[in-house]
Amino acid sequence: MVVAADAAWGAASPWRRVLCALLLALPAAASAAGHDAAASVAAGGNLSASFATSARCDSTERPLQSKCTGCPPMFNGKPCASTTWYEDKTKGSCGCGVKGKTMVEDDYWTLTSYTAALNTLNLDPQQPGLTWCPSGCGQCYEICTTGGAVNTLDKANPAGQCQVFKITNRCSDGWSEDRPDWCSQKISAEECRQFPEKCMQPRSTNIFGYSAHFDLQDAHRQVQHGLGGDNPEV
């Protein structure tokens, strides 16, 4: 379940983005980096949850214990997403780091803070193939657990655990290879909202039937140990 508090998105919108400066504390070094996505918060459309069909989206796999229903999947009137965790010490697609360097230091804010890679169709719906500085860099999302599990029943998170994540990278797993995977969505979450019949078609959502996916940076175990997260449904 993805929620936020940016009034520009309207009070009823479940996918409103949060204001990064207010809800995500980052070291001062971030503002001095070369190309820093922290300064960029892209505008977006209203992904309201005014509808959701009873059937799940067509997908290759089914979540083991989902709390979400409909297509696109919803929980308490808000859109759902799948999550994974990863470790990446490069500057990422958003170029967050020191100018002239490909890698970042172990204590750099993108590795120590709560950051994430967003699936490519939601990161840049107009240019999903753009691998450098896509339009969605710097967005912040508050994601909250539903209490459901996608593919790890041994460590389900209780419902209502929330954390703000800044988008600093791009997830293209499956999209580049044109096969079902975590980030293989063929249409964006906004398209799923506007055209539920299109969202129901094969390959519109990811391998587990979600219209959005967040790959959470876990270089310092801030996700697995700090939040106790292991691919929870949000």
# chains A, B, ... in the order shown; residues from 1 in each chain; ligands from 1

call {"tool": "residues_around", "arguments": {"residues": "Leu64 (chain A)", "least_positions_apart": "4", "cutoff": "9 Å", "atoms": "only C-alpha atoms", "output": "number ranges by chain"}}
result
A: 148-153

call {"tool": "write_last_selection", "arguments": {"atoms": "all heavy atoms", "output": "PDB file, in the first residue's frame"}}
result
ATOM      1  N   GLY A 148       0.560  -8.733   4.106  1.00  0.00           N
ATOM      2  CA  GLY A 148       0.628  -9.837   3.155  1.00  0.00           C
ATOM      3  C   GLY A 148       2.054 -10.144   2.754  1.00  0.00           C
ATOM      4  O   GLY A 148       2.973  -9.366   3.003  1.00  0.00           O
ATOM      5  N   ALA A 149       2.233 -11.289   2.130  1.00  0.00           N
ATOM      6  CA  ALA A 149       3.549 -11.725   1.669  1.00  0.00           C
ATOM      7  C   ALA A 149       3.481 -12.061   0.187  1.00  0.00           C
ATOM      8  O   ALA A 149       2.499 -12.635  -0.281  1.00  0.00           O
ATOM      9  CB  ALA A 149       4.019 -12.942   2.458  1.00  0.00           C
ATOM     10  N   VAL A 150       4.523 -11.690  -0.545  1.00  0.00           N
ATOM     11  CA  VAL A 150       4.554 -11.959  -1.981  1.00  0.00           C
ATOM     12  C   VAL A 150       5.128 -13.342  -2.244  1.00  0.00           C
ATOM     13  O   VAL A 150       4.469 -14.206  -2.836  1.00  0.00           O
ATOM     14  CB  VAL A 150       5.370 -10.885  -2.727  1.00  0.00           C
ATOM     15  CG1 VAL A 150       5.394 -11.191  -4.224  1.00  0.00           C
ATOM     16  CG2 VAL A 150       4.769  -9.505  -2.487  1.00  0.00           C
ATOM     17  N   ASN A 151       6.369 -13.569  -1.816  1.00  0.00           N
ATOM     18  CA  ASN A 151       7.006 -14.869  -2.085  1.00  0.00           C
ATOM     19  C   ASN A 151       7.832 -15.377  -0.915  1.00  0.00           C
ATOM     20  O   ASN A 151       8.636 -16.283  -1.064  1.00  0.00           O
ATOM     21  CB  ASN A 151       7.888 -14.781  -3.341  1.00  0.00           C
ATOM     22  CG  ASN A 151       9.090 -13.879  -3.151  1.00  0.00           C
ATOM     23  OD1 ASN A 151       9.081 -12.987  -2.302  1.00  0.00           O
ATOM     24  ND2 ASN A 151      10.131 -14.089  -3.943  1.00  0.00           N
ATOM     25  N   THR A 152       7.657 -14.790   0.289  1.00  0.00           N
ATOM     26  CA  THR A 152       8.418 -15.216   1.462  1.00  0.00           C
ATOM     27  C   THR A 152       7.493 -15.301   2.672  1.00  0.00           C
ATOM     28  O   THR A 152       7.344 -14.332   3.415  1.00  0.00           O
ATOM     29  CB  THR A 152       9.568 -14.237   1.770  1.00  0.00           C
ATOM     30  OG1 THR A 152       9.022 -12.904   1.824  1.00  0.00           O
ATOM     31  CG2 THR A 152      10.644 -14.298   0.705  1.00  0.00           C
ATOM     32  N   LEU A 153       6.881 -16.449   2.870  1.00  0.00           N
ATOM     33  CA  LEU A 153       5.944 -16.625   3.973  1.00  0.00           C
ATOM     34  C   LEU A 153       6.629 -16.766   5.320  1.00  0.00           C
ATOM     35  O   LEU A 153       6.005 -16.621   6.366  1.00  0.00           O
ATOM     36  CB  LEU A 153       5.075 -17.871   3.732  1.00  0.00           C
ATOM     37  CG  LEU A 153       3.910 -17.706   2.749  1.00  0.00           C
ATOM     38  CD1 LEU A 153       3.183 -19.031   2.591  1.00  0.00           C
ATOM     39  CD2 LEU A 153       2.942 -16.644   3.240  1.00  0.00           C
TER      40      LEU A 153
END

call {"tool": "residues_around", "arguments": {"residues": "region 102-112 of chain A", "least_positions_apart": "2", "cutoff": "10 Å", "atoms": "only C-alpha atoms", "output": "PyMOL selection string"}}
result
chain A and resi 25-30+87-92+95-100+114-116+166-169+217-222

call {"tool": "residues_around", "arguments": {"residues": "Cys144 (chain A)", "least_positions_apart": "2", "cutoff": "12 Å", "atoms": "only C-alpha atoms", "output": "ChimeraX atom specification"}}
result
/A:1-4,14-15,75-76,78-83,141-142,146-148,157-165,214,227,229,232-234

call {"tool": "atom_distance", "arguments": {"atom1": "CA of Gly226 (chain A)", "atom2": "CA of Asp173 (chain A)"}}
result
25.2 Å

call {"tool": "atom_distance", "arguments": {"atom1": "CA of Tyr210 (chain A)", "atom2": "CA of Pro125 (chain A)"}}
result
15.9 Å

call {"tool": "atom_distance", "arguments": {"atom1": "CA of Thr205 (chain A)", "atom2": "CA of Gly136 (chain A)"}}
result
18.9 Å

call {"tool": "residues_around", "arguments": {"residues": "Asn122 (chain A)", "least_positions_apart": "3", "cutoff": "7 Å", "atoms": "only C-alpha atoms", "output": "ChimeraX atom specification"}}
result
/A:118-119,125,188-189,212

call {"tool": "write_last_selection", "arguments": {"atoms": "N, CA, C and O atoms", "output": "PDB file, in the first residue's frame"}}
result
ATOM      1  N   LEU A 118      12.724   2.068  -8.639  1.00  0.00           N
ATOM      2  CA  LEU A 118      11.328   1.916  -9.037  1.00  0.00           C
ATOM      3  C   LEU A 118      11.267   1.250 -10.404  1.00  0.00           C
ATOM      4  O   LEU A 118      12.133   1.488 -11.257  1.00  0.00           O
ATOM      5  N   ASN A 119      10.244   0.434 -10.624  1.00  0.00           N
ATOM      6  CA  ASN A 119      10.142  -0.232 -11.934  1.00  0.00           C
ATOM      7  C   ASN A 119      10.069   0.794 -13.055  1.00  0.00           C
ATOM      8  O   ASN A 119       9.510   1.880 -12.905  1.00  0.00           O
ATOM      9  N   PRO A 125       7.308   6.827 -17.525  1.00  0.00           N
ATOM     10  CA  PRO A 125       6.319   6.249 -18.436  1.00  0.00           C
ATOM     11  C   PRO A 125       6.507   6.653 -19.895  1.00  0.00           C
ATOM     12  O   PRO A 125       6.197   5.874 -20.805  1.00  0.00           O
ATOM     13  N   SER A 188       2.103   1.434 -17.127  1.00  0.00           N
ATOM     14  CA  SER A 188       2.344   2.070 -15.838  1.00  0.00           C
ATOM     15  C   SER A 188       1.151   1.867 -14.904  1.00  0.00           C
ATOM     16  O   SER A 188       0.060   1.473 -15.324  1.00  0.00           O
ATOM     17  N   ALA A 189       1.359   2.171 -13.639  1.00  0.00           N
ATOM     18  CA  ALA A 189       0.274   2.090 -12.662  1.00  0.00           C
ATOM     19  C   ALA A 189      -0.843   3.064 -13.005  1.00  0.00           C
ATOM     20  O   ALA A 189      -2.019   2.789 -12.761  1.00  0.00           O
ATOM     21  N   ALA A 212       3.126  -1.964  -9.769  1.00  0.00           N
ATOM     22  CA  ALA A 212       4.315  -1.216  -9.342  1.00  0.00           C
ATOM     23  C   ALA A 212       5.219  -2.132  -8.526  1.00  0.00           C
ATOM     24  O   ALA A 212       4.756  -3.067  -7.870  1.00  0.00           O
TER      25      ALA A 212
END

call {"tool": "closest_residue", "arguments": {"among": "A:Gly138, A:Pro73, A:Pro128, A:Pro202", "to": "Arg56 (chain A)", "atoms": "only C-alpha atoms"}}
result
A:Pro73

call {"tool": "select_by_dssp", "arguments": {"residues": "region 53-199 of chain A", "states": "strand (DSSP E or B)", "output": "short mmCIF file (atom, residue, chain, number, x, y, z; two decimals) with all heavy atoms, in the first residue's frame"}}
result
data_model
loop_
_atom_site.label_atom_id
_atom_site.label_comp_id
_atom_site.auth_asym_id
_atom_site.auth_seq_id
_atom_site.Cartn_x
_atom_site.Cartn_y
_atom_site.Cartn_z
N GLN A 65 0.52 -15.00 -0.09
CA GLN A 65 -0.48 -14.60 0.90
C GLN A 65 -0.79 -13.12 0.75
O GLN A 65 -0.40 -12.30 1.58
CB GLN A 65 0.02 -14.91 2.32
CG GLN A 65 -1.05 -14.80 3.39
CD GLN A 65 -0.52 -15.19 4.76
OE1 GLN A 65 0.66 -15.04 5.05
NE2 GLN A 65 -1.38 -15.71 5.60
N THR A 69 -6.73 -7.05 -3.33
CA THR A 69 -7.71 -7.65 -4.23
C THR A 69 -7.92 -6.74 -5.44
O THR A 69 -7.65 -5.54 -5.40
CB THR A 69 -9.06 -7.86 -3.52
OG1 THR A 69 -9.54 -6.60 -3.04
CG2 THR A 69 -8.92 -8.83 -2.35
N MET A 74 -5.67 -3.71 -4.84
CA MET A 74 -5.88 -2.62 -3.89
C MET A 74 -5.99 -3.19 -2.47
O MET A 74 -6.36 -4.33 -2.27
CB MET A 74 -7.16 -1.85 -4.23
CG MET A 74 -7.31 -1.45 -5.69
SD MET A 74 -6.20 -0.13 -6.19
CE MET A 74 -6.94 1.25 -5.34
N PHE A 75 -5.68 -2.33 -1.49
CA PHE A 75 -5.82 -2.70 -0.08
C PHE A 75 -6.35 -1.48 0.66
O PHE A 75 -5.72 -0.43 0.68
CB PHE A 75 -4.47 -3.12 0.51
CG PHE A 75 -4.52 -3.50 1.96
CD1 PHE A 75 -5.05 -4.72 2.36
CD2 PHE A 75 -4.04 -2.63 2.94
CE1 PHE A 75 -5.09 -5.07 3.70
CE2 PHE A 75 -4.07 -2.98 4.28
CZ PHE A 75 -4.61 -4.21 4.67
N LYS A 78 -6.33 1.65 -1.42
CA LYS A 78 -5.04 2.17 -1.90
C LYS A 78 -4.34 1.11 -2.77
O LYS A 78 -4.51 -0.08 -2.56
CB LYS A 78 -4.15 2.58 -0.73
CG LYS A 78 -4.71 3.74 0.08
CD LYS A 78 -3.81 4.09 1.26
CE LYS A 78 -4.30 5.35 1.96
NZ LYS A 78 -5.64 5.16 2.56
N PRO A 79 -3.53 1.56 -3.76
CA PRO A 79 -2.87 0.61 -4.66
C PRO A 79 -1.76 -0.17 -3.97
O PRO A 79 -1.10 0.34 -3.07
CB PRO A 79 -2.30 1.52 -5.76
CG PRO A 79 -2.08 2.82 -5.07
CD PRO A 79 -3.21 2.96 -4.09
N SER A 82 4.65 -4.75 -5.08
CA SER A 82 5.56 -5.76 -4.57
C SER A 82 6.89 -5.09 -4.23
O SER A 82 7.19 -4.00 -4.71
CB SER A 82 5.77 -6.87 -5.61
OG SER A 82 6.17 -6.32 -6.87
N THR A 83 7.68 -5.74 -3.38
CA THR A 83 9.00 -5.21 -3.03
C THR A 83 10.03 -6.33 -3.01
O THR A 83 9.71 -7.50 -2.82
CB THR A 83 9.01 -4.54 -1.63
OG1 THR A 83 8.82 -5.55 -0.62
CG2 THR A 83 7.93 -3.49 -1.50
N THR A 84 11.28 -5.93 -3.23
CA THR A 84 12.44 -6.79 -3.03
C THR A 84 13.51 -5.91 -2.39
O THR A 84 13.29 -4.72 -2.18
CB THR A 84 12.97 -7.37 -4.36
OG1 THR A 84 13.08 -6.31 -5.34
CG2 THR A 84 12.03 -8.44 -4.91
N TRP A 85 14.67 -6.47 -2.11
CA TRP A 85 15.79 -5.66 -1.63
C TRP A 85 17.02 -5.97 -2.47
O TRP A 85 17.12 -7.03 -3.08
CB TRP A 85 16.08 -5.91 -0.15
CG TRP A 85 16.38 -7.35 0.21
CD1 TRP A 85 15.49 -8.30 0.63
CD2 TRP A 85 17.66 -7.99 0.17
NE1 TRP A 85 16.12 -9.49 0.86
CE2 TRP A 85 17.47 -9.33 0.58
CE3 TRP A 85 18.94 -7.57 -0.17
CZ2 TRP A 85 18.51 -10.26 0.65
CZ3 TRP A 85 19.97 -8.50 -0.10
CH2 TRP A 85 19.76 -9.81 0.31
N TYR A 86 17.95 -5.02 -2.54
CA TYR A 86 19.15 -5.20 -3.35
C TYR A 86 20.30 -4.40 -2.75
O TYR A 86 20.12 -3.59 -1.85
CB TYR A 86 18.90 -4.78 -4.80
CG TYR A 86 18.93 -3.28 -5.06
CD1 TYR A 86 19.88 -2.72 -5.92
CD2 TYR A 86 17.99 -2.43 -4.48
CE1 TYR A 86 19.90 -1.35 -6.18
CE2 TYR A 86 18.00 -1.06 -4.73
CZ TYR A 86 18.96 -0.53 -5.58
OH TYR A 86 18.98 0.82 -5.84
N THR A 90 26.89 1.47 -7.04
CA THR A 90 27.12 2.40 -8.13
C THR A 90 26.27 3.65 -7.91
O THR A 90 25.45 3.71 -6.99
CB THR A 90 26.76 1.79 -9.49
OG1 THR A 90 25.33 1.62 -9.57
CG2 THR A 90 27.44 0.43 -9.67
N MET A 103 31.38 4.65 -8.73
CA MET A 103 30.97 4.05 -7.46
C MET A 103 30.84 5.11 -6.38
O MET A 103 31.37 6.21 -6.50
CB MET A 103 31.99 2.99 -7.04
CG MET A 103 32.34 1.96 -8.11
SD MET A 103 30.94 0.92 -8.59
CE MET A 103 30.79 -0.10 -7.11
N THR A 115 16.48 4.33 0.39
CA THR A 115 16.35 4.64 -1.02
C THR A 115 15.88 3.38 -1.76
O THR A 115 15.92 2.27 -1.23
CB THR A 115 17.69 5.12 -1.61
OG1 THR A 115 18.67 4.08 -1.51
CG2 THR A 115 18.19 6.37 -0.87
N ALA A 116 15.45 3.57 -3.00
CA ALA A 116 14.90 2.43 -3.74
C ALA A 116 15.00 2.65 -5.24
O ALA A 116 15.17 3.77 -5.72
CB ALA A 116 13.44 2.21 -3.35
N ALA A 117 14.88 1.54 -5.96
CA ALA A 117 14.75 1.56 -7.41
C ALA A 117 13.28 1.30 -7.73
O ALA A 117 12.66 0.41 -7.13
CB ALA A 117 15.64 0.50 -8.05
N LEU A 118 12.72 2.07 -8.64
CA LEU A 118 11.33 1.92 -9.04
C LEU A 118 11.27 1.25 -10.40
O LEU A 118 12.13 1.49 -11.26
CB LEU A 118 10.66 3.29 -9.08
CG LEU A 118 9.18 3.36 -9.45
CD1 LEU A 118 8.32 2.60 -8.46
CD2 LEU A 118 8.74 4.83 -9.52
N ASN A 119 10.24 0.43 -10.62
CA ASN A 119 10.14 -0.23 -11.93
C ASN A 119 10.07 0.79 -13.05
O ASN A 119 9.51 1.88 -12.90
CB ASN A 119 8.94 -1.17 -11.98
CG ASN A 119 7.61 -0.47 -11.99
OD1 ASN A 119 7.19 0.06 -10.98
ND2 ASN A 119 6.94 -0.47 -13.13
N CYS A 140 9.75 10.73 -3.78
CA CYS A 140 9.69 10.01 -2.51
C CYS A 140 8.33 9.39 -2.33
O CYS A 140 7.31 10.00 -2.66
CB CYS A 140 9.99 10.94 -1.35
SG CYS A 140 11.74 11.37 -1.18
N TYR A 141 8.31 8.17 -1.83
CA TYR A 141 7.07 7.45 -1.57
C TYR A 141 7.07 6.92 -0.15
O TYR A 141 8.08 6.40 0.32
CB TYR A 141 6.92 6.26 -2.52
CG TYR A 141 6.72 6.63 -3.97
CD1 TYR A 141 7.82 6.79 -4.81
CD2 TYR A 141 5.45 6.80 -4.50
CE1 TYR A 141 7.65 7.12 -6.14
CE2 TYR A 141 5.27 7.13 -5.83
CZ TYR A 141 6.37 7.29 -6.65
OH TYR A 141 6.20 7.62 -7.96
N GLU A 142 5.94 7.04 0.51
CA GLU A 142 5.77 6.36 1.78
C GLU A 142 5.06 5.05 1.50
O GLU A 142 3.92 5.04 1.02
CB GLU A 142 4.95 7.19 2.77
CG GLU A 142 4.82 6.49 4.12
CD GLU A 142 3.98 7.30 5.11
OE1 GLU A 142 3.11 8.06 4.66
OE2 GLU A 142 4.20 7.14 6.32
N ILE A 143 5.73 3.94 1.75
CA ILE A 143 5.14 2.64 1.50
C ILE A 143 4.82 1.98 2.84
O ILE A 143 5.61 2.05 3.78
CB ILE A 143 6.04 1.76 0.62
CG1 ILE A 143 7.37 1.46 1.29
CG2 ILE A 143 6.29 2.42 -0.73
CD1 ILE A 143 8.26 0.51 0.48
N CYS A 144 3.66 1.35 2.89
CA CYS A 144 3.18 0.73 4.13
C CYS A 144 2.84 -0.73 3.88
O CYS A 144 2.18 -1.06 2.89
CB CYS A 144 1.94 1.46 4.64
SG CYS A 144 2.19 3.22 5.00
N ALA A 149 2.23 -11.29 2.13
CA ALA A 149 3.55 -11.72 1.67
C ALA A 149 3.48 -12.06 0.19
O ALA A 149 2.50 -12.64 -0.28
CB ALA A 149 4.02 -12.94 2.46
N CYS A 162 5.23 1.60 8.09
CA CYS A 162 5.43 2.57 7.01
C CYS A 162 6.84 3.19 7.05
O CYS A 162 7.40 3.40 8.12
CB CYS A 162 4.39 3.70 7.11
SG CYS A 162 2.68 3.15 7.03
N GLN A 163 7.35 3.50 5.87
CA GLN A 163 8.65 4.15 5.76
C GLN A 163 8.70 4.91 4.43
O GLN A 163 8.21 4.44 3.41
CB GLN A 163 9.78 3.12 5.81
CG GLN A 163 11.19 3.70 5.69
CD GLN A 163 11.51 4.66 6.82
OE1 GLN A 163 11.35 4.32 8.00
NE2 GLN A 163 11.95 5.85 6.49
N VAL A 164 9.33 6.08 4.46
CA VAL A 164 9.51 6.87 3.25
C VAL A 164 10.79 6.44 2.53
O VAL A 164 11.84 6.30 3.15
CB VAL A 164 9.59 8.37 3.58
CG1 VAL A 164 9.88 9.19 2.32
CG2 VAL A 164 8.29 8.83 4.23
N PHE A 165 10.70 6.25 1.22
CA PHE A 165 11.86 5.89 0.40
C PHE A 165 12.02 6.90 -0.74
O PHE A 165 11.04 7.30 -1.36
CB PHE A 165 11.69 4.49 -0.21
CG PHE A 165 11.89 3.37 0.76
CD1 PHE A 165 10.86 2.95 1.59
CD2 PHE A 165 13.13 2.73 0.86
CE1 PHE A 165 11.05 1.92 2.50
CE2 PHE A 165 13.33 1.70 1.76
CZ PHE A 165 12.29 1.28 2.58
N LYS A 166 13.27 7.29 -0.99
CA LYS A 166 13.59 8.17 -2.12
C LYS A 166 14.03 7.31 -3.31
O LYS A 166 14.81 6.37 -3.15
CB LYS A 166 14.71 9.14 -1.75
CG LYS A 166 15.13 10.06 -2.90
CD LYS A 166 16.35 10.90 -2.54
CE LYS A 166 15.99 12.03 -1.62
NZ LYS A 166 15.15 13.06 -2.29
N ILE A 167 13.54 7.63 -4.49
CA ILE A 167 13.89 6.88 -5.70
C ILE A 167 15.22 7.38 -6.26
O ILE A 167 15.36 8.54 -6.64
CB ILE A 167 12.79 7.02 -6.77
CG1 ILE A 167 11.45 6.54 -6.22
CG2 ILE A 167 13.19 6.23 -8.02
CD1 ILE A 167 11.45 5.12 -5.70
N THR A 168 16.22 6.49 -6.28
CA THR A 168 17.55 6.84 -6.78
C THR A 168 18.04 5.90 -7.88
O THR A 168 19.16 6.05 -8.36
CB THR A 168 18.58 6.81 -5.62
OG1 THR A 168 18.60 5.49 -5.06
CG2 THR A 168 18.23 7.82 -4.54
N ASN A 169 17.20 4.94 -8.26
CA ASN A 169 17.65 3.98 -9.25
C ASN A 169 16.47 3.42 -10.04
O ASN A 169 15.31 3.68 -9.71
CB ASN A 169 18.43 2.84 -8.58
CG ASN A 169 19.49 2.23 -9.48
OD1 ASN A 169 19.51 2.47 -10.68
ND2 ASN A 169 20.39 1.44 -8.91
N ARG A 170 16.79 2.65 -11.05
CA ARG A 170 15.81 2.10 -11.98
C ARG A 170 15.84 0.58 -11.92
O ARG A 170 16.90 -0.03 -11.95
CB ARG A 170 16.17 2.58 -13.39
CG ARG A 170 15.43 1.93 -14.55
CD ARG A 170 15.97 2.52 -15.86
NE ARG A 170 15.29 2.02 -17.05
CZ ARG A 170 15.72 0.99 -17.76
NH1 ARG A 170 16.85 0.35 -17.40
NH2 ARG A 170 15.08 0.60 -18.83
N CYS A 171 14.66 -0.03 -11.82
CA CYS A 171 14.57 -1.49 -11.86
C CYS A 171 13.96 -1.91 -13.19
O CYS A 171 12.83 -1.52 -13.51
CB CYS A 171 13.71 -2.00 -10.70
SG CYS A 171 13.47 -3.80 -10.73
#

call {"tool": "select_by_dssp", "arguments": {"residues": "region 104-176 of chain A", "states": "helix (DSSP H, G or I)", "output": "PyMOL selection string"}}
result
chain A and resi 109-112+120-123+153-155

call {"tool": "closest_residue", "arguments": {"among": "A:Gly174, A:Pro196, A:Pro134, A:Pro72", "to": "Gly209 (chain A)", "atoms": "only C-alpha atoms"}}
result
A:Pro72

call {"tool": "closest_residue", "arguments": {"among": "A:Trp175, A:Phe195, A:Trp132, A:Phe208", "to": "Glu61 (chain A)", "atoms": "only C-alpha atoms"}}
result
A:Phe208

call {"tool": "decode", "arguments": {"residues": "region 122-138 of chain A", "atoms": "C-alpha atoms", "output": "CSV table (one decimal), in the first residue's frame"}}
result
chain,number,residue,atom,x,y,z
A,122,ASN,CA,6.5,4.0,-13.4
A,123,LEU,CA,9.9,5.7,-13.2
A,124,ASP,CA,9.6,7.2,-16.6
A,125,PRO,CA,6.3,6.2,-18.4
A,126,GLN,CA,7.2,8.3,-21.5
A,127,GLN,CA,10.7,6.9,-21.9
A,128,PRO,CA,10.9,3.6,-20.1
A,129,GLY,CA,14.0,2.6,-21.9
A,130,LEU,CA,16.0,5.6,-20.6
A,131,THR,CA,18.7,4.3,-18.3
A,132,TRP,CA,20.3,7.6,-17.3
A,133,CYS,CA,18.4,10.3,-15.4
A,134,PRO,CA,14.8,9.1,-16.0
A,135,SER,CA,12.1,11.6,-15.2
A,136,GLY,CA,11.1,10.0,-11.9
A,137,CYS,CA,14.4,10.4,-10.1
A,138,GLY,CA,14.1,12.0,-6.7
